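> Enclosed is the structure file structure-v2.tsv (TSV, C-alpha atoms).
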chain	number	residue	atom	x	y	z
A	1	MET	CA	113.38	-54.07	-61.76
A	2	ASN	CA	112.27	-55.00	-65.26
A	3	ASN	CA	109.50	-52.47	-65.90
A	4	ASP	CA	107.45	-54.82	-68.08
A	5	LEU	CA	106.91	-57.23	-65.18
A	6	LEU	CA	103.57	-57.00	-63.40
A	7	PHE	CA	103.62	-55.43	-59.94
A	8	ASP	CA	100.45	-54.53	-58.11
A	9	PHE	CA	100.23	-53.57	-54.45
A	10	SER	CA	96.89	-52.71	-52.89
A	11	VAL	CA	95.56	-52.25	-49.39
A	12	ASP	CA	92.07	-52.94	-48.08
A	13	LYS	CA	92.08	-51.01	-44.80
A	14	GLU	CA	88.57	-52.04	-43.82
A	15	ASN	CA	89.49	-55.74	-43.95
A	16	LYS	CA	93.10	-55.26	-42.69
A	17	THR	CA	94.42	-56.95	-45.84
A	18	VAL	CA	97.31	-56.32	-48.22
A	19	TYR	CA	97.34	-57.75	-51.75
A	20	VAL	CA	100.52	-58.09	-53.77
A	21	ILE	CA	100.83	-59.49	-57.28
A	22	ARG	CA	104.37	-59.72	-58.59
A	23	GLU	CA	105.69	-61.26	-61.78
A	24	PHE	CA	109.23	-62.61	-62.12
A	25	ASN	CA	111.16	-63.31	-65.32
A	26	ALA	CA	111.99	-66.86	-64.23
A	27	GLY	CA	110.42	-70.29	-64.21
A	28	ILE	CA	108.34	-71.53	-61.34
A	29	ASP	CA	111.02	-73.97	-60.12
A	30	LEU	CA	113.47	-71.14	-59.41
A	31	VAL	CA	110.89	-68.79	-57.94
A	32	TRP	CA	109.45	-71.52	-55.69
A	33	ARG	CA	112.93	-72.43	-54.39
A	34	ALA	CA	113.69	-68.75	-53.70
A	35	TRP	CA	110.58	-68.48	-51.51
A	36	THR	CA	110.93	-71.85	-49.72
A	37	THR	CA	114.64	-72.36	-49.05
A	38	ALA	CA	116.23	-70.66	-46.02
A	39	GLU	CA	119.61	-69.96	-47.62
A	40	LEU	CA	117.95	-68.32	-50.61
A	41	LEU	CA	115.42	-66.34	-48.57
A	42	ASP	CA	118.30	-64.85	-46.60
A	43	LYS	CA	119.83	-63.54	-49.83
A	44	TRP	CA	116.83	-61.38	-50.76
A	45	TRP	CA	114.25	-61.14	-47.97
A	46	GLY	CA	115.77	-58.22	-46.06
A	47	PRO	CA	115.67	-54.92	-47.94
A	48	LYS	CA	119.21	-53.55	-48.04
A	49	PRO	CA	120.87	-52.38	-45.92
A	50	CYS	CA	119.02	-54.81	-43.63
A	51	VAL	CA	120.03	-58.48	-43.63
A	52	SER	CA	117.82	-61.52	-43.14
A	53	LYS	CA	119.15	-64.37	-40.98
A	54	THR	CA	117.26	-67.66	-40.71
A	55	ILE	CA	117.90	-69.48	-37.44
A	56	ALA	CA	115.71	-72.50	-38.22
A	57	MET	CA	113.46	-73.53	-41.08
A	58	ASN	CA	111.43	-76.67	-41.65
A	59	PHE	CA	109.34	-76.23	-44.81
A	60	GLU	CA	106.51	-78.65	-44.17
A	61	VAL	CA	102.96	-78.31	-42.88
A	62	GLY	CA	103.29	-77.52	-39.17
A	63	GLY	CA	106.94	-76.56	-39.66
A	64	ARG	CA	108.32	-73.13	-39.07
A	65	ARG	CA	110.84	-70.50	-40.08
A	66	PHE	CA	112.39	-68.50	-37.26
A	67	SER	CA	114.42	-65.58	-38.53
A	68	ALA	CA	115.73	-62.14	-37.74
A	69	MET	CA	115.88	-58.94	-39.74
A	70	ILE	CA	119.16	-57.35	-38.76
A	71	LEU	CA	119.09	-53.57	-39.03
A	72	PRO	CA	122.17	-51.50	-39.96
A	73	ASP	CA	122.65	-50.49	-36.31
A	74	GLY	CA	122.73	-54.18	-35.25
A	75	GLN	CA	119.21	-54.37	-33.82
A	76	GLU	CA	117.41	-57.62	-34.53
A	77	ARG	CA	113.70	-57.84	-35.35
A	78	TRP	CA	112.53	-61.43	-34.95
A	79	MET	CA	109.83	-63.20	-36.95
A	80	LEU	CA	108.19	-66.60	-36.60
A	81	GLN	CA	106.36	-68.20	-39.53
A	82	THR	CA	104.34	-71.39	-39.18
A	83	PHE	CA	103.58	-73.22	-42.42
A	84	THR	CA	99.87	-74.09	-42.38
A	85	SER	CA	99.39	-75.47	-45.90
A	86	ILE	CA	101.71	-76.44	-48.77
A	87	THR	CA	100.84	-77.48	-52.32
A	88	PRO	CA	104.25	-77.82	-54.03
A	89	LYS	CA	105.02	-75.19	-56.70
A	90	THR	CA	101.46	-73.87	-56.49
A	91	ASN	CA	100.64	-72.48	-53.05
A	92	PHE	CA	101.74	-72.21	-49.47
A	93	LYS	CA	100.22	-70.51	-46.46
A	94	THR	CA	101.82	-69.26	-43.29
A	95	TYR	CA	100.85	-67.66	-40.04
A	96	ASN	CA	103.42	-64.92	-39.33
A	97	THR	CA	104.09	-63.21	-36.03
A	98	PHE	CA	106.72	-60.92	-34.69
A	99	ALA	CA	108.62	-62.66	-31.90
A	100	ASP	CA	111.42	-62.26	-29.43
A	101	GLU	CA	114.84	-63.93	-29.66
A	102	ASN	CA	113.44	-66.97	-27.77
A	103	GLU	CA	110.70	-67.58	-30.36
A	104	LYS	CA	107.97	-66.26	-28.08
A	105	PRO	CA	105.37	-64.93	-30.53
A	106	GLU	CA	103.95	-61.44	-30.29
A	107	LEU	CA	100.30	-62.07	-31.04
A	108	PRO	CA	98.25	-61.39	-33.02
A	109	GLY	CA	99.89	-62.11	-36.35
A	110	SER	CA	98.90	-62.33	-39.99
A	111	ASP	CA	97.87	-65.05	-42.41
A	112	TRP	CA	99.85	-65.13	-45.67
A	113	ASP	CA	98.51	-66.97	-48.73
A	114	LEU	CA	101.00	-67.21	-51.62
A	115	ASN	CA	99.96	-68.55	-55.03
A	116	PHE	CA	102.44	-69.34	-57.83
A	117	ASN	CA	101.56	-69.55	-61.52
A	118	GLU	CA	103.91	-69.84	-64.51
A	119	GLN	CA	103.07	-68.74	-68.02
A	120	ASN	CA	105.49	-68.28	-70.94
A	121	GLY	CA	108.57	-68.64	-68.72
A	122	ARG	CA	107.40	-66.02	-66.23
A	123	THR	CA	106.10	-66.73	-62.76
A	124	LYS	CA	103.42	-64.68	-61.08
A	125	VAL	CA	103.20	-64.73	-57.30
A	126	SER	CA	99.90	-63.54	-55.83
A	127	ILE	CA	100.02	-62.80	-52.10
A	128	THR	CA	97.18	-62.05	-49.71
A	129	ILE	CA	98.16	-60.92	-46.21
A	130	ASN	CA	95.32	-60.71	-43.73
A	131	ASN	CA	96.16	-59.16	-40.38
A	132	ALA	CA	94.37	-60.48	-37.32
A	133	SER	CA	94.08	-57.06	-35.69
A	134	ARG	CA	93.72	-53.42	-36.67
A	135	GLU	CA	96.66	-52.57	-34.38
A	136	ARG	CA	99.01	-54.96	-36.20
A	137	PHE	CA	97.78	-53.81	-39.59
A	138	ASP	CA	98.34	-50.14	-38.70
A	139	ARG	CA	101.80	-50.98	-37.30
A	140	ILE	CA	103.10	-52.54	-40.51
A	141	VAL	CA	101.16	-51.13	-43.45
A	142	ASP	CA	102.91	-47.77	-43.87
A	143	GLY	CA	106.47	-49.07	-44.20
A	144	PHE	CA	105.64	-52.46	-45.65
A	145	LYS	CA	105.23	-51.48	-49.29
A	146	GLY	CA	108.62	-49.78	-49.53
A	147	GLY	CA	110.55	-52.53	-47.78
A	148	PHE	CA	108.77	-55.36	-49.56
A	149	THR	CA	109.25	-53.68	-52.95
A	150	VAL	CA	113.01	-53.44	-52.36
A	151	ALA	CA	113.14	-57.09	-51.24
A	152	LEU	CA	111.26	-58.23	-54.37
A	153	GLU	CA	113.68	-56.24	-56.54
A	154	GLN	CA	116.52	-58.07	-54.81
A	155	LEU	CA	114.77	-61.34	-55.66
A	156	ASP	CA	114.65	-60.16	-59.30
A	157	GLU	CA	118.42	-59.66	-59.26
A	158	MET	CA	119.04	-63.07	-57.70
A	159	LEU	CA	116.79	-64.80	-60.24
A	160	LEU	CA	118.51	-62.99	-63.11
A	161	THR	CA	121.88	-64.22	-61.87
A	162	TRP	CA	120.53	-67.77	-61.54
A	163	SER	CA	118.97	-67.74	-65.00
A	164	ALA	CA	122.23	-66.55	-66.55
A	165	SER	CA	124.26	-69.37	-64.99
Show me this structure written as structure tokens.

Amino acid sequence: MNNDLLFDFSVDKENKTVYVIREFNAGIDLVWRAWTTAELLDKWWGPKPCVSKTIAMNFEVGGRRFSAMILPDGQERWMLQTFTSITPKTNFKTYNTFADENEKPELPGSDWDLNFNEQNGRTKVSITINNASRERFDRIVDGFKGGFTVALEQLDEMLLTWSAS
């Protein structure tokens, strides 16, 4: 990771909310595509050695992304995202749940609100993740920072490769 890029990760346990602010050394067009295109998400979303595999994705309000995180031992952890709001290249919101391989959601889930802002060729993504229950929050919060940090570093590498080509 480029150490001069902004990265802030904070947790509000009382409100079951995680806040992430992450800057990328790329324009908003590239960063937006990396977050909203299945083939590109699969290249960076899963922190190595895990692999992300999108089964279906329809990036529109009411659409969904159904995907699996494949662990090194072959286990699959399924996730279902429903897109609840989209303002192109500025913001999108999702409702995320764990699921089974048949897309049956494991409720409750979490609301994700992602905001994109470009300044001087860098794009800042501000993410608010509000968990619907204390149980879900407690289940994910401990390991989330490490895994998400690795995934965002993988996104950095992908964007660097794109920018160079």
> Which of these residues is nearest to Ser85 of chain A, using all atoms listed in the file: A:Gln154, A:Asn58, A:Leu107, A:Asp113?
A:Asp113
> Figure out the distance between atom CA of Asp111 of chain A and atom CA of Leu155 of chain A, please, to one decimal in Å.
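One can read the atom CA of Leu155 of chain A to atom CA of Asp111 of chain A distance as 21.8 Å.
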> Would you mind telling me which residue in A:Leu41, A:Lys16, A:Gly143, A:Arg64 lies nearest to Ser110 of chain A when using all atoms listed in the file?
A:Lys16
> So that I can see what lies close to Lys104 of chain A, please list as a list in words the residues with an atom at most 12 Å from it, counting all atoms listed in the file and leaving out residues fewer than 3 positions away in the same chain.
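Here the qualifying residues turn out to be Phe66, Trp78, Met79, Leu80, Gln81, Thr97, Phe98, Ala99, Asp100, Glu101, Leu107 and Pro108 of chain A.
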> Nearest residue to Val61 of chain A out of A:Gly109, A:Gly147, A:Gly46, A:Pro88, using all atoms listed in the file?
A:Pro88
> Just the number, please: distance in Å from atom CA of Asn115 of chain A to atom CA of Phe92 of chain A, one decimal.
6.9 Å
> State, in Å with one decimal place, the distance from atom CA of Asp156 of chain A to atom CA of Ala26 of chain A.
8.7 Å
> Residues near Ile55 of chain A, anyone? I mean within 8 Å using only C-alpha atoms, not counting same-chain ones fewer than 6 positions away, as a list in words.
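Counting only the stated atoms, we get Arg65, Phe66, Ser67 and Ala68 of chain A.
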